[in-house]
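Working notes, structure below.
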Amino acid sequence: MMDLLDGIPHTPGTHEPLGTGAVLLRGFALPFEPRLLAALQAIVAEAPFRHMVTPSGHAMSVAMTNCGAAGWVTDRTGYRYDTRDPLSGRTWPALPEAFLALARAAAAEAGYEDFTPDACLINRYEPGARLSLHQDRDERNLAHPIVSVSLGLPATFQFGGLKRADPVRRHALRHGDVAVWGGPSRLCFHGVPSLKDGTHESLGRMRINLTFRGAL
Ligand code: MD6
Ligand code: FE
C-alpha cells in the first residue's frame, strides 16, 4: 500500500458504511490535499469548469470538467463519455499522478483491489448548487467501483436504493472524505441537495467533488 501513497504518511481514518459495497473513508484524501489542489489548477487551466446542459435543455447548477481518457458530458443529445472536451475539441487533460494514487489507494482500502480509473469527473458546487437524485449508469463496465472525493465546503449526500422512490439516508461529506462505491450498491440513487453558503480555508466559497470511474 505504501508505494501507492508515494511515501506520504497516512493515518487511516474511520470507515462508515453507506450501503452494501459502499463505504465512506473519513479524511482519507487529507494527505493528498496539496498535490490534488495543484493538479486541479493545471486541469482547469486547460479544460475550464462549465455549466453543461441536460437533454431537457436546463443548464446544470453544478459546473463540471474532466480529466482522463474519457470525460462525462451532457448536451441536448444526451449523456455520454467523450474522449474530447467539446469546448476545445482537444482530448481531456491526463489523470494526474496524485489523482491516480489516491483513487487506487482508496479503492484498495475499501476492498476493491486493482482499480485503475480512466475517467475523472470534476464537479464544482457554489452555494445553492445541487445535484438531483440520479444513478451513475453511463459507464460501460459497472463492475468497476466509483471513488468519490470531497474537497472544500461540507455537503449532504443523499443515498437511496435501486428504485428512485426508495427511502434516502443522509450523510455529511466533509473536506477530505472519500466514498468508495461498487458491487450491489453501484446503481443506487444518490444526490446532493443545495450547497449551504460558507467559506472553506483552502478552497473558499465552493465544494469540489472528484469522481473516478472506469468508463471505457
Ligand atoms: C458529489 N457525487 O458528491 C456527487 N456518484 O458531488 C456523485 O454523484 C457520485 O459521489 C457516484 C458515486 C459517488 C458519488
Ligand atoms: Fe453520481
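Ordered as shown in the C-alpha cells, chains take letters A, B, and onward, while each chain numbers its residues from 1 and ligands are numbered from 1 in the order shown.
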
TODO: Would you mind listing what lies within 10 Å of A:Gln158 as a list of chain:residue names, with only C-alpha atoms counted and same-chain residues fewer than 4 positions away left out?
DONE: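 Counting only C-alpha atoms, the residues come to A:Leu131, A:Ser132, A:Leu133, A:Pro167, A:Val168, A:Arg169, A:Arg170, A:His171, A:Ala172, A:Phe189, A:His190, A:Gly191, A:Val192, A:Pro193.
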
Next, dump the selected residues to file, keeping only N, CA, C and O atoms, as a PDB file, in the first residue's frame.
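Writing done, so here's out-v5.pdb:
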```pdb
ATOM      1  N   LEU A 131     -27.302  18.595  -6.970  1.00  0.00           N
ATOM      2  CA  LEU A 131     -27.349  17.526  -7.963  1.00  0.00           C
ATOM      3  C   LEU A 131     -28.533  16.656  -7.568  1.00  0.00           C
ATOM      4  O   LEU A 131     -28.528  16.045  -6.498  1.00  0.00           O
ATOM      5  N   SER A 132     -29.547  16.617  -8.412  1.00  0.00           N
ATOM      6  CA  SER A 132     -30.755  15.881  -8.031  1.00  0.00           C
ATOM      7  C   SER A 132     -30.500  14.375  -8.077  1.00  0.00           C
ATOM      8  O   SER A 132     -29.509  13.914  -8.652  1.00  0.00           O
ATOM      9  N   LEU A 133     -31.375  13.614  -7.444  1.00  0.00           N
ATOM     10  CA  LEU A 133     -31.215  12.158  -7.338  1.00  0.00           C
ATOM     11  C   LEU A 133     -30.985  11.541  -8.713  1.00  0.00           C
ATOM     12  O   LEU A 133     -31.739  11.809  -9.644  1.00  0.00           O
ATOM     13  N   PRO A 167     -36.464   4.823   0.107  1.00  0.00           N
ATOM     14  CA  PRO A 167     -36.071   5.806   1.126  1.00  0.00           C
ATOM     15  C   PRO A 167     -34.600   6.202   0.994  1.00  0.00           C
ATOM     16  O   PRO A 167     -33.767   5.418   0.552  1.00  0.00           O
ATOM     17  N   VAL A 168     -34.309   7.430   1.387  1.00  0.00           N
ATOM     18  CA  VAL A 168     -32.982   8.022   1.220  1.00  0.00           C
ATOM     19  C   VAL A 168     -32.386   8.311   2.595  1.00  0.00           C
ATOM     20  O   VAL A 168     -33.075   8.794   3.476  1.00  0.00           O
ATOM     21  N   ARG A 169     -31.115   7.953   2.778  1.00  0.00           N
ATOM     22  CA  ARG A 169     -30.408   8.334   4.003  1.00  0.00           C
ATOM     23  C   ARG A 169     -29.455   9.464   3.703  1.00  0.00           C
ATOM     24  O   ARG A 169     -28.983   9.606   2.588  1.00  0.00           O
ATOM     25  N   ARG A 170     -29.181  10.275   4.718  1.00  0.00           N
ATOM     26  CA  ARG A 170     -28.320  11.445   4.522  1.00  0.00           C
ATOM     27  C   ARG A 170     -27.016  11.269   5.292  1.00  0.00           C
ATOM     28  O   ARG A 170     -27.022  10.806   6.426  1.00  0.00           O
ATOM     29  N   HIS A 171     -25.918  11.622   4.650  1.00  0.00           N
ATOM     30  CA  HIS A 171     -24.590  11.546   5.263  1.00  0.00           C
ATOM     31  C   HIS A 171     -23.884  12.878   5.040  1.00  0.00           C
ATOM     32  O   HIS A 171     -24.007  13.458   3.963  1.00  0.00           O
ATOM     33  N   ALA A 172     -23.120  13.318   6.032  1.00  0.00           N
ATOM     34  CA  ALA A 172     -22.324  14.532   5.847  1.00  0.00           C
ATOM     35  C   ALA A 172     -21.066  14.177   5.052  1.00  0.00           C
ATOM     36  O   ALA A 172     -20.434  13.155   5.315  1.00  0.00           O
ATOM     37  N   PHE A 189     -29.584   5.115  -6.257  1.00  0.00           N
ATOM     38  CA  PHE A 189     -29.866   6.541  -6.490  1.00  0.00           C
ATOM     39  C   PHE A 189     -29.175   7.376  -5.420  1.00  0.00           C
ATOM     40  O   PHE A 189     -29.104   6.977  -4.248  1.00  0.00           O
ATOM     41  N   HIS A 190     -28.668   8.538  -5.820  1.00  0.00           N
ATOM     42  CA  HIS A 190     -27.976   9.416  -4.882  1.00  0.00           C
ATOM     43  C   HIS A 190     -28.023  10.845  -5.395  1.00  0.00           C
ATOM     44  O   HIS A 190     -28.264  11.065  -6.587  1.00  0.00           O
ATOM     45  N   GLY A 191     -27.791  11.786  -4.490  1.00  0.00           N
ATOM     46  CA  GLY A 191     -27.822  13.192  -4.887  1.00  0.00           C
ATOM     47  C   GLY A 191     -27.211  14.067  -3.812  1.00  0.00           C
ATOM     48  O   GLY A 191     -26.851  13.589  -2.723  1.00  0.00           O
ATOM     49  N   VAL A 192     -27.063  15.337  -4.152  1.00  0.00           N
ATOM     50  CA  VAL A 192     -26.502  16.326  -3.222  1.00  0.00           C
ATOM     51  C   VAL A 192     -27.441  17.530  -3.209  1.00  0.00           C
ATOM     52  O   VAL A 192     -27.565  18.234  -4.212  1.00  0.00           O
ATOM     53  N   PRO A 193     -28.143  17.776  -2.058  1.00  0.00           N
ATOM     54  CA  PRO A 193     -29.030  18.940  -2.002  1.00  0.00           C
ATOM     55  C   PRO A 193     -28.237  20.243  -1.980  1.00  0.00           C
ATOM     56  O   PRO A 193     -27.029  20.242  -1.735  1.00  0.00           O
TER      57      PRO A 193
END
```

Identify, with DSSP run on backbone atoms, the residues in stretch 1-198 of chain A assigned to strand (DSSP E), and express the list as a compact mmCIF listing (two decimals) with all heavy atoms, in the first residue's frame.
```
# COMPACT_ATOMS: atom_id res chain seq x y z
N HIS A 15 -14.01 4.07 8.83
CA HIS A 15 -14.82 3.58 7.72
C HIS A 15 -16.28 3.67 8.14
O HIS A 15 -16.65 3.11 9.16
CB HIS A 15 -14.52 2.10 7.43
CG HIS A 15 -13.20 1.85 6.80
ND1 HIS A 15 -12.96 0.76 6.02
CD2 HIS A 15 -12.05 2.56 6.83
CE1 HIS A 15 -11.71 0.79 5.60
NE2 HIS A 15 -11.13 1.87 6.08
N GLU A 16 -17.09 4.36 7.38
CA GLU A 16 -18.50 4.48 7.70
C GLU A 16 -19.30 3.81 6.60
O GLU A 16 -19.21 4.22 5.45
CB GLU A 16 -18.84 5.97 7.76
CG GLU A 16 -20.05 6.32 8.55
CD GLU A 16 -20.15 7.85 8.69
OE1 GLU A 16 -19.21 8.46 9.24
OE2 GLU A 16 -21.15 8.40 8.22
N PRO A 17 -20.08 2.76 6.90
CA PRO A 17 -20.80 2.08 5.82
C PRO A 17 -21.90 2.98 5.24
O PRO A 17 -22.59 3.68 5.98
CB PRO A 17 -21.41 0.85 6.51
CG PRO A 17 -21.29 1.08 7.97
CD PRO A 17 -20.29 2.15 8.22
N LEU A 18 -22.02 2.96 3.92
CA LEU A 18 -23.09 3.70 3.24
C LEU A 18 -24.19 2.74 2.79
O LEU A 18 -25.36 3.09 2.72
CB LEU A 18 -22.54 4.39 1.97
CG LEU A 18 -21.67 5.63 2.11
CD1 LEU A 18 -21.11 6.02 0.76
CD2 LEU A 18 -22.48 6.79 2.68
N GLY A 19 -23.75 1.54 2.43
CA GLY A 19 -24.67 0.52 1.94
C GLY A 19 -23.81 -0.69 1.64
O GLY A 19 -22.60 -0.67 1.90
N ALA A 22 -20.56 -0.17 -0.31
CA ALA A 22 -20.29 1.27 -0.36
C ALA A 22 -19.83 1.74 1.01
O ALA A 22 -20.46 1.45 2.02
CB ALA A 22 -21.53 2.03 -0.79
N VAL A 23 -18.71 2.47 1.05
CA VAL A 23 -18.15 2.89 2.33
C VAL A 23 -17.61 4.32 2.22
O VAL A 23 -17.15 4.74 1.16
CB VAL A 23 -17.06 1.90 2.79
CG1 VAL A 23 -15.86 1.92 1.86
CG2 VAL A 23 -16.62 2.14 4.22
N LEU A 24 -17.69 5.03 3.33
CA LEU A 24 -17.16 6.39 3.40
C LEU A 24 -15.88 6.34 4.22
O LEU A 24 -15.90 5.93 5.38
CB LEU A 24 -18.21 7.27 4.06
CG LEU A 24 -18.12 8.77 4.01
CD1 LEU A 24 -17.83 9.27 2.60
CD2 LEU A 24 -19.45 9.36 4.49
N LEU A 25 -14.74 6.74 3.62
CA LEU A 25 -13.44 6.75 4.30
C LEU A 25 -13.19 8.18 4.75
O LEU A 25 -12.84 9.06 3.96
CB LEU A 25 -12.34 6.29 3.34
CG LEU A 25 -12.58 4.97 2.58
CD1 LEU A 25 -11.48 4.76 1.53
CD2 LEU A 25 -12.62 3.80 3.57
N ALA A 63 -21.02 23.12 -11.87
CA ALA A 63 -20.12 23.30 -13.02
C ALA A 63 -19.20 22.08 -13.09
O ALA A 63 -18.80 21.55 -12.05
CB ALA A 63 -19.32 24.58 -12.86
N MET A 64 -18.86 21.65 -14.29
CA MET A 64 -18.11 20.41 -14.45
C MET A 64 -16.95 20.54 -15.44
O MET A 64 -16.99 21.34 -16.35
CB MET A 64 -19.03 19.29 -14.96
CG MET A 64 -20.15 18.97 -14.01
SD MET A 64 -21.26 17.70 -14.66
CE MET A 64 -22.33 17.45 -13.22
N THR A 65 -15.92 19.70 -15.20
CA THR A 65 -14.90 19.45 -16.19
C THR A 65 -14.43 18.01 -15.96
O THR A 65 -15.00 17.31 -15.11
CB THR A 65 -13.76 20.48 -16.13
OG1 THR A 65 -12.86 20.25 -17.23
CG2 THR A 65 -12.95 20.38 -14.83
N ASN A 66 -13.44 17.56 -16.73
CA ASN A 66 -12.98 16.18 -16.62
C ASN A 66 -11.49 16.09 -16.85
O ASN A 66 -10.87 16.97 -17.46
CB ASN A 66 -13.63 15.32 -17.74
CG ASN A 66 -15.12 15.12 -17.58
OD1 ASN A 66 -15.56 14.24 -16.83
ND2 ASN A 66 -15.92 15.92 -18.27
N CYS A 67 -10.92 14.98 -16.39
CA CYS A 67 -9.59 14.59 -16.84
C CYS A 67 -9.59 13.08 -17.01
O CYS A 67 -10.47 12.39 -16.49
CB CYS A 67 -8.50 15.07 -15.88
SG CYS A 67 -8.62 14.43 -14.22
N GLY A 68 -8.61 12.60 -17.78
CA GLY A 68 -8.55 11.17 -18.06
C GLY A 68 -8.82 10.87 -19.52
O GLY A 68 -9.05 11.79 -20.32
N GLY A 71 -14.25 11.70 -20.67
CA GLY A 71 -14.92 12.62 -19.75
C GLY A 71 -16.42 12.51 -19.91
O GLY A 71 -16.92 12.30 -21.02
N TRP A 72 -17.14 12.68 -18.79
CA TRP A 72 -18.61 12.62 -18.85
C TRP A 72 -19.13 13.96 -19.32
O TRP A 72 -18.74 15.01 -18.79
CB TRP A 72 -19.16 12.28 -17.46
CG TRP A 72 -20.63 12.05 -17.44
CD1 TRP A 72 -21.27 10.87 -17.70
CD2 TRP A 72 -21.65 13.02 -17.15
NE1 TRP A 72 -22.63 11.05 -17.59
CE2 TRP A 72 -22.89 12.35 -17.26
CE3 TRP A 72 -21.65 14.37 -16.83
CZ2 TRP A 72 -24.11 13.00 -17.04
CZ3 TRP A 72 -22.86 15.02 -16.62
CH2 TRP A 72 -24.07 14.34 -16.71
N VAL A 73 -19.97 13.92 -20.33
CA VAL A 73 -20.55 15.17 -20.84
C VAL A 73 -22.05 14.99 -21.05
O VAL A 73 -22.55 13.87 -21.22
CB VAL A 73 -19.89 15.64 -22.17
CG1 VAL A 73 -18.43 16.00 -21.95
CG2 VAL A 73 -20.02 14.60 -23.26
N THR A 74 -22.76 16.12 -21.00
CA THR A 74 -24.18 16.12 -21.36
C THR A 74 -24.45 17.33 -22.24
O THR A 74 -23.83 18.39 -22.08
CB THR A 74 -25.09 16.13 -20.11
OG1 THR A 74 -26.44 16.29 -20.54
CG2 THR A 74 -24.74 17.24 -19.14
N ASP A 75 -25.37 17.13 -23.20
CA ASP A 75 -25.86 18.24 -24.01
C ASP A 75 -27.28 17.88 -24.46
O ASP A 75 -27.85 16.91 -23.96
CB ASP A 75 -24.92 18.55 -25.20
CG ASP A 75 -24.71 17.35 -26.13
OD1 ASP A 75 -25.54 16.42 -26.11
OD2 ASP A 75 -23.71 17.34 -26.87
N GLY A 78 -27.93 14.15 -25.18
CA GLY A 78 -27.90 13.10 -24.15
C GLY A 78 -26.63 13.11 -23.33
O GLY A 78 -25.79 14.00 -23.46
N TYR A 79 -26.52 12.11 -22.46
CA TYR A 79 -25.34 11.91 -21.61
C TYR A 79 -24.42 10.92 -22.28
O TYR A 79 -24.87 9.95 -22.87
CB TYR A 79 -25.73 11.28 -20.26
CG TYR A 79 -26.84 11.95 -19.50
CD1 TYR A 79 -27.96 11.21 -19.11
CD2 TYR A 79 -26.76 13.28 -19.15
CE1 TYR A 79 -28.98 11.80 -18.37
CE2 TYR A 79 -27.78 13.88 -18.42
CZ TYR A 79 -28.88 13.14 -18.03
OH TYR A 79 -29.88 13.72 -17.30
N ARG A 80 -23.11 11.10 -22.15
CA ARG A 80 -22.16 10.12 -22.70
C ARG A 80 -20.76 10.39 -22.17
O ARG A 80 -20.50 11.43 -21.54
CB ARG A 80 -22.14 10.21 -24.23
CG ARG A 80 -21.59 11.54 -24.72
CD ARG A 80 -21.67 11.68 -26.24
NE ARG A 80 -21.21 13.02 -26.64
CZ ARG A 80 -21.95 14.11 -26.58
NH1 ARG A 80 -23.20 14.07 -26.16
NH2 ARG A 80 -21.44 15.29 -26.93
N TYR A 81 -19.86 9.44 -22.42
CA TYR A 81 -18.44 9.68 -22.21
C TYR A 81 -17.82 10.04 -23.54
O TYR A 81 -18.11 9.40 -24.56
CB TYR A 81 -17.77 8.44 -21.61
CG TYR A 81 -18.01 8.37 -20.13
CD1 TYR A 81 -19.08 7.66 -19.62
CD2 TYR A 81 -17.18 9.07 -19.26
CE1 TYR A 81 -19.32 7.63 -18.26
CE2 TYR A 81 -17.42 9.04 -17.89
CZ TYR A 81 -18.48 8.32 -17.40
OH TYR A 81 -18.71 8.31 -16.05
N ASP A 82 -16.98 11.06 -23.54
CA ASP A 82 -16.35 11.53 -24.77
C ASP A 82 -14.84 11.66 -24.52
O ASP A 82 -14.43 12.17 -23.47
CB ASP A 82 -16.94 12.89 -25.15
CG ASP A 82 -16.77 13.18 -26.63
OD1 ASP A 82 -15.66 12.95 -27.16
OD2 ASP A 82 -17.75 13.66 -27.25
N ALA A 119 -11.36 7.69 -16.08
CA ALA A 119 -12.11 8.94 -16.20
C ALA A 119 -12.25 9.56 -14.82
O ALA A 119 -12.43 8.85 -13.83
CB ALA A 119 -13.49 8.67 -16.79
N CYS A 120 -12.17 10.88 -14.76
CA CYS A 120 -12.44 11.60 -13.52
C CYS A 120 -13.31 12.80 -13.84
O CYS A 120 -12.88 13.73 -14.53
CB CYS A 120 -11.15 12.04 -12.84
SG CYS A 120 -11.42 13.04 -11.36
N LEU A 121 -14.55 12.74 -13.36
CA LEU A 121 -15.47 13.88 -13.48
C LEU A 121 -15.23 14.81 -12.29
O LEU A 121 -15.17 14.35 -11.15
CB LEU A 121 -16.92 13.37 -13.47
CG LEU A 121 -18.02 14.43 -13.35
CD1 LEU A 121 -18.03 15.37 -14.56
CD2 LEU A 121 -19.39 13.77 -13.18
N ILE A 122 -15.05 16.08 -12.58
CA ILE A 122 -14.77 17.06 -11.52
C ILE A 122 -15.97 18.00 -11.42
O ILE A 122 -16.31 18.68 -12.40
CB ILE A 122 -13.48 17.85 -11.84
CG1 ILE A 122 -12.32 16.87 -12.08
CG2 ILE A 122 -13.15 18.81 -10.69
CD1 ILE A 122 -11.04 17.55 -12.59
N ASN A 123 -16.63 17.98 -10.26
CA ASN A 123 -17.82 18.81 -10.03
C ASN A 123 -17.47 19.99 -9.14
O ASN A 123 -16.81 19.81 -8.12
CB ASN A 123 -18.90 17.99 -9.30
CG ASN A 123 -19.45 16.86 -10.13
OD1 ASN A 123 -19.69 17.02 -11.32
ND2 ASN A 123 -19.65 15.69 -9.52
N ARG A 124 -17.92 21.17 -9.51
CA ARG A 124 -17.74 22.36 -8.65
C ARG A 124 -19.10 22.89 -8.21
O ARG A 124 -19.91 23.28 -9.04
CB ARG A 124 -17.00 23.47 -9.40
CG ARG A 124 -16.70 24.67 -8.48
CD ARG A 124 -16.19 25.88 -9.25
NE ARG A 124 -17.23 26.44 -10.09
CZ ARG A 124 -17.00 27.31 -11.08
NH1 ARG A 124 -15.78 27.71 -11.36
NH2 ARG A 124 -18.00 27.78 -11.80
N TYR A 125 -19.31 22.89 -6.90
CA TYR A 125 -20.55 23.41 -6.33
C TYR A 125 -20.27 24.76 -5.72
O TYR A 125 -19.37 24.89 -4.88
CB TYR A 125 -21.05 22.51 -5.19
CG TYR A 125 -21.47 21.13 -5.59
CD1 TYR A 125 -20.53 20.17 -5.94
CD2 TYR A 125 -22.81 20.75 -5.57
CE1 TYR A 125 -20.91 18.88 -6.29
CE2 TYR A 125 -23.20 19.46 -5.91
CZ TYR A 125 -22.24 18.54 -6.28
OH TYR A 125 -22.63 17.28 -6.60
N LEU A 131 -27.30 18.59 -6.97
CA LEU A 131 -27.35 17.53 -7.96
C LEU A 131 -28.53 16.66 -7.57
O LEU A 131 -28.53 16.04 -6.50
CB LEU A 131 -26.04 16.74 -7.91
CG LEU A 131 -25.63 15.93 -9.13
CD1 LEU A 131 -25.55 16.79 -10.38
CD2 LEU A 131 -24.28 15.27 -8.89
N SER A 132 -29.55 16.62 -8.41
CA SER A 132 -30.76 15.88 -8.03
C SER A 132 -30.50 14.38 -8.08
O SER A 132 -29.51 13.91 -8.65
CB SER A 132 -31.92 16.28 -8.93
OG SER A 132 -31.56 16.10 -10.26
N LEU A 133 -31.38 13.61 -7.44
CA LEU A 133 -31.21 12.16 -7.34
C LEU A 133 -30.98 11.54 -8.71
O LEU A 133 -31.74 11.81 -9.64
CB LEU A 133 -32.47 11.53 -6.73
CG LEU A 133 -32.62 11.40 -5.22
CD1 LEU A 133 -33.82 10.52 -4.92
CD2 LEU A 133 -31.38 10.85 -4.56
N HIS A 134 -29.95 10.72 -8.81
CA HIS A 134 -29.62 10.10 -10.10
C HIS A 134 -28.89 8.78 -9.86
O HIS A 134 -28.45 8.49 -8.75
CB HIS A 134 -28.73 11.02 -10.95
CG HIS A 134 -27.36 11.24 -10.35
ND1 HIS A 134 -27.13 12.17 -9.36
CD2 HIS A 134 -26.16 10.64 -10.58
CE1 HIS A 134 -25.85 12.13 -9.02
NE2 HIS A 134 -25.24 11.21 -9.75
N ILE A 146 -16.78 3.16 -8.00
CA ILE A 146 -16.57 4.59 -8.19
C ILE A 146 -15.88 5.10 -6.93
O ILE A 146 -16.22 4.66 -5.83
CB ILE A 146 -17.91 5.32 -8.41
CG1 ILE A 146 -18.48 4.93 -9.79
CG2 ILE A 146 -17.74 6.82 -8.31
CD1 ILE A 146 -19.79 5.61 -10.12
N VAL A 147 -14.89 5.95 -7.10
CA VAL A 147 -14.23 6.57 -5.96
C VAL A 147 -14.55 8.06 -6.03
O VAL A 147 -14.32 8.71 -7.05
CB VAL A 147 -12.70 6.34 -6.00
CG1 VAL A 147 -12.01 7.15 -4.91
CG2 VAL A 147 -12.37 4.85 -5.83
N SER A 148 -15.12 8.59 -4.95
CA SER A 148 -15.63 9.95 -4.96
C SER A 148 -15.01 10.76 -3.82
O SER A 148 -15.16 10.41 -2.65
CB SER A 148 -17.15 9.87 -4.82
OG SER A 148 -17.69 11.15 -4.61
N VAL A 149 -14.32 11.84 -4.17
CA VAL A 149 -13.52 12.62 -3.21
C VAL A 149 -14.19 13.97 -2.98
O VAL A 149 -14.52 14.67 -3.94
CB VAL A 149 -12.09 12.83 -3.76
CG1 VAL A 149 -11.25 13.66 -2.80
CG2 VAL A 149 -11.43 11.49 -4.06
N SER A 150 -14.37 14.34 -1.72
CA SER A 150 -14.97 15.63 -1.37
C SER A 150 -13.91 16.60 -0.88
O SER A 150 -13.11 16.26 -0.01
CB SER A 150 -16.02 15.45 -0.26
OG SER A 150 -17.14 14.74 -0.73
N LEU A 151 -13.93 17.81 -1.42
CA LEU A 151 -12.97 18.85 -1.01
C LEU A 151 -13.73 20.17 -0.82
O LEU A 151 -14.67 20.46 -1.57
CB LEU A 151 -11.89 19.05 -2.08
CG LEU A 151 -10.98 17.85 -2.37
CD1 LEU A 151 -10.16 18.09 -3.65
CD2 LEU A 151 -10.05 17.59 -1.19
N GLY A 152 -13.31 20.96 0.15
CA GLY A 152 -13.91 22.28 0.35
C GLY A 152 -15.12 22.24 1.26
O GLY A 152 -15.17 21.46 2.22
N ALA A 155 -21.06 19.13 2.49
CA ALA A 155 -22.32 18.92 1.78
C ALA A 155 -23.05 17.75 2.42
O ALA A 155 -22.50 17.02 3.25
CB ALA A 155 -22.06 18.63 0.31
N THR A 156 -24.29 17.58 2.03
CA THR A 156 -25.06 16.41 2.45
C THR A 156 -25.15 15.46 1.26
O THR A 156 -25.37 15.90 0.14
CB THR A 156 -26.48 16.84 2.89
OG1 THR A 156 -26.36 17.74 3.99
CG2 THR A 156 -27.30 15.63 3.32
N PHE A 157 -24.93 14.20 1.52
CA PHE A 157 -25.03 13.17 0.49
C PHE A 157 -26.31 12.39 0.74
O PHE A 157 -26.51 11.86 1.84
CB PHE A 157 -23.81 12.25 0.60
CG PHE A 157 -23.58 11.39 -0.61
CD1 PHE A 157 -23.68 11.90 -1.89
CD2 PHE A 157 -23.24 10.06 -0.45
CE1 PHE A 157 -23.44 11.11 -3.00
CE2 PHE A 157 -23.00 9.25 -1.56
CZ PHE A 157 -23.10 9.78 -2.83
N GLN A 158 -27.18 12.34 -0.23
CA GLN A 158 -28.40 11.54 -0.13
C GLN A 158 -28.14 10.22 -0.82
O GLN A 158 -27.72 10.20 -1.98
CB GLN A 158 -29.55 12.24 -0.86
CG GLN A 158 -29.86 13.63 -0.36
CD GLN A 158 -30.81 14.34 -1.32
OE1 GLN A 158 -30.57 14.40 -2.52
NE2 GLN A 158 -31.87 14.90 -0.78
N PHE A 159 -28.37 9.14 -0.09
CA PHE A 159 -28.07 7.82 -0.64
C PHE A 159 -29.31 6.95 -0.50
O PHE A 159 -29.75 6.65 0.61
CB PHE A 159 -26.88 7.23 0.13
CG PHE A 159 -26.33 5.99 -0.47
CD1 PHE A 159 -25.50 6.05 -1.59
CD2 PHE A 159 -26.65 4.75 0.04
CE1 PHE A 159 -24.99 4.89 -2.15
CE2 PHE A 159 -26.14 3.59 -0.52
CZ PHE A 159 -25.31 3.66 -1.62
N ARG A 169 -31.11 7.95 2.78
CA ARG A 169 -30.41 8.33 4.00
C ARG A 169 -29.45 9.46 3.70
O ARG A 169 -28.98 9.61 2.59
CB ARG A 169 -29.66 7.13 4.58
CG ARG A 169 -30.65 6.20 5.26
CD ARG A 169 -30.05 4.87 5.57
NE ARG A 169 -28.95 4.93 6.54
CZ ARG A 169 -28.37 3.83 7.01
NH1 ARG A 169 -28.75 2.66 6.58
NH2 ARG A 169 -27.39 3.93 7.88
N ARG A 170 -29.18 10.28 4.72
CA ARG A 170 -28.32 11.45 4.52
C ARG A 170 -27.02 11.27 5.29
O ARG A 170 -27.02 10.81 6.43
CB ARG A 170 -29.06 12.71 4.98
CG ARG A 170 -30.31 12.97 4.16
CD ARG A 170 -31.28 13.86 4.92
NE ARG A 170 -30.82 15.24 4.98
CZ ARG A 170 -31.10 16.15 4.06
NH1 ARG A 170 -31.83 15.83 3.01
NH2 ARG A 170 -30.64 17.37 4.17
N HIS A 171 -25.92 11.62 4.65
CA HIS A 171 -24.59 11.55 5.26
C HIS A 171 -23.88 12.88 5.04
O HIS A 171 -24.01 13.46 3.96
CB HIS A 171 -23.75 10.45 4.59
CG HIS A 171 -24.37 9.09 4.66
ND1 HIS A 171 -24.04 8.16 5.61
CD2 HIS A 171 -25.30 8.51 3.88
CE1 HIS A 171 -24.74 7.06 5.42
NE2 HIS A 171 -25.52 7.24 4.36
N ALA A 172 -23.12 13.32 6.03
CA ALA A 172 -22.32 14.53 5.85
C ALA A 172 -21.07 14.18 5.05
O ALA A 172 -20.43 13.15 5.32
CB ALA A 172 -21.94 15.11 7.20
N LEU A 173 -20.73 15.01 4.08
CA LEU A 173 -19.47 14.85 3.33
C LEU A 173 -18.62 16.06 3.63
O LEU A 173 -19.02 17.20 3.36
CB LEU A 173 -19.74 14.79 1.82
CG LEU A 173 -20.47 13.57 1.28
CD1 LEU A 173 -20.71 13.73 -0.22
CD2 LEU A 173 -19.67 12.30 1.57
N VAL A 178 -13.65 10.40 1.41
CA VAL A 178 -13.67 9.65 0.14
C VAL A 178 -14.73 8.56 0.25
O VAL A 178 -14.69 7.73 1.17
CB VAL A 178 -12.30 9.01 -0.16
CG1 VAL A 178 -12.36 8.26 -1.49
CG2 VAL A 178 -11.20 10.08 -0.22
N ALA A 179 -15.67 8.55 -0.67
CA ALA A 179 -16.67 7.48 -0.74
C ALA A 179 -16.23 6.49 -1.81
O ALA A 179 -15.81 6.90 -2.90
CB ALA A 179 -18.05 8.04 -1.07
N VAL A 180 -16.27 5.22 -1.49
CA VAL A 180 -15.97 4.18 -2.48
C VAL A 180 -17.21 3.33 -2.59
O VAL A 180 -17.79 2.91 -1.59
CB VAL A 180 -14.77 3.31 -2.09
CG1 VAL A 180 -14.47 2.30 -3.20
CG2 VAL A 180 -13.55 4.17 -1.82
N TRP A 181 -17.60 3.04 -3.82
CA TRP A 181 -18.93 2.62 -4.07
C TRP A 181 -18.96 1.63 -5.20
O TRP A 181 -18.50 1.95 -6.30
CB TRP A 181 -19.60 3.90 -4.48
CG TRP A 181 -21.01 3.84 -4.59
CD1 TRP A 181 -21.79 2.74 -4.66
CD2 TRP A 181 -21.85 4.96 -4.66
NE1 TRP A 181 -23.07 3.13 -4.78
CE2 TRP A 181 -23.13 4.48 -4.78
CE3 TRP A 181 -21.62 6.34 -4.64
CZ2 TRP A 181 -24.21 5.32 -4.87
CZ3 TRP A 181 -22.68 7.16 -4.75
CH2 TRP A 181 -23.98 6.65 -4.86
N HIS A 190 -28.67 8.54 -5.82
CA HIS A 190 -27.98 9.42 -4.88
C HIS A 190 -28.02 10.84 -5.40
O HIS A 190 -28.26 11.07 -6.59
CB HIS A 190 -26.52 8.96 -4.71
CG HIS A 190 -25.77 8.91 -6.01
ND1 HIS A 190 -25.89 7.87 -6.89
CD2 HIS A 190 -24.92 9.80 -6.58
CE1 HIS A 190 -25.13 8.11 -7.95
NE2 HIS A 190 -24.53 9.27 -7.79
N GLY A 191 -27.79 11.79 -4.49
CA GLY A 191 -27.82 13.19 -4.89
C GLY A 191 -27.21 14.07 -3.81
O GLY A 191 -26.85 13.59 -2.72
N VAL A 192 -27.06 15.34 -4.15
CA VAL A 192 -26.50 16.33 -3.22
C VAL A 192 -27.44 17.53 -3.21
O VAL A 192 -27.57 18.23 -4.21
CB VAL A 192 -25.08 16.76 -3.67
CG1 VAL A 192 -24.52 17.83 -2.73
CG2 VAL A 192 -24.13 15.56 -3.72
```

Task: 8 Å contact set for stretch 87-102 of chain A, only C-alpha atoms, chain neighbours under 6 positions out, as JSON, numbers by chain - done: {"A": [4, 5, 6, 29, 32, 35, 36, 39, 43, 46, 47, 66, 67, 68, 69, 70, 71, 116, 117, 118, 119, 120]}

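Closest approach to A:His200 among A:Asp85, A:Glu139, A:Glu109, A:Glu126 is made by A:Glu126 (distances from only C-alpha atoms).
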
TODO: Measure the distance from atom 3 (O, counted along the ligand's line) of ligand 1 to atom CA of A:Asn141 in Å and round it to one decimal.
DONE: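 Atom-to-atom, atom 3 (O, counted along the ligand's line) of ligand 1 to atom CA of A:Asn141, that is 20.6 Å.
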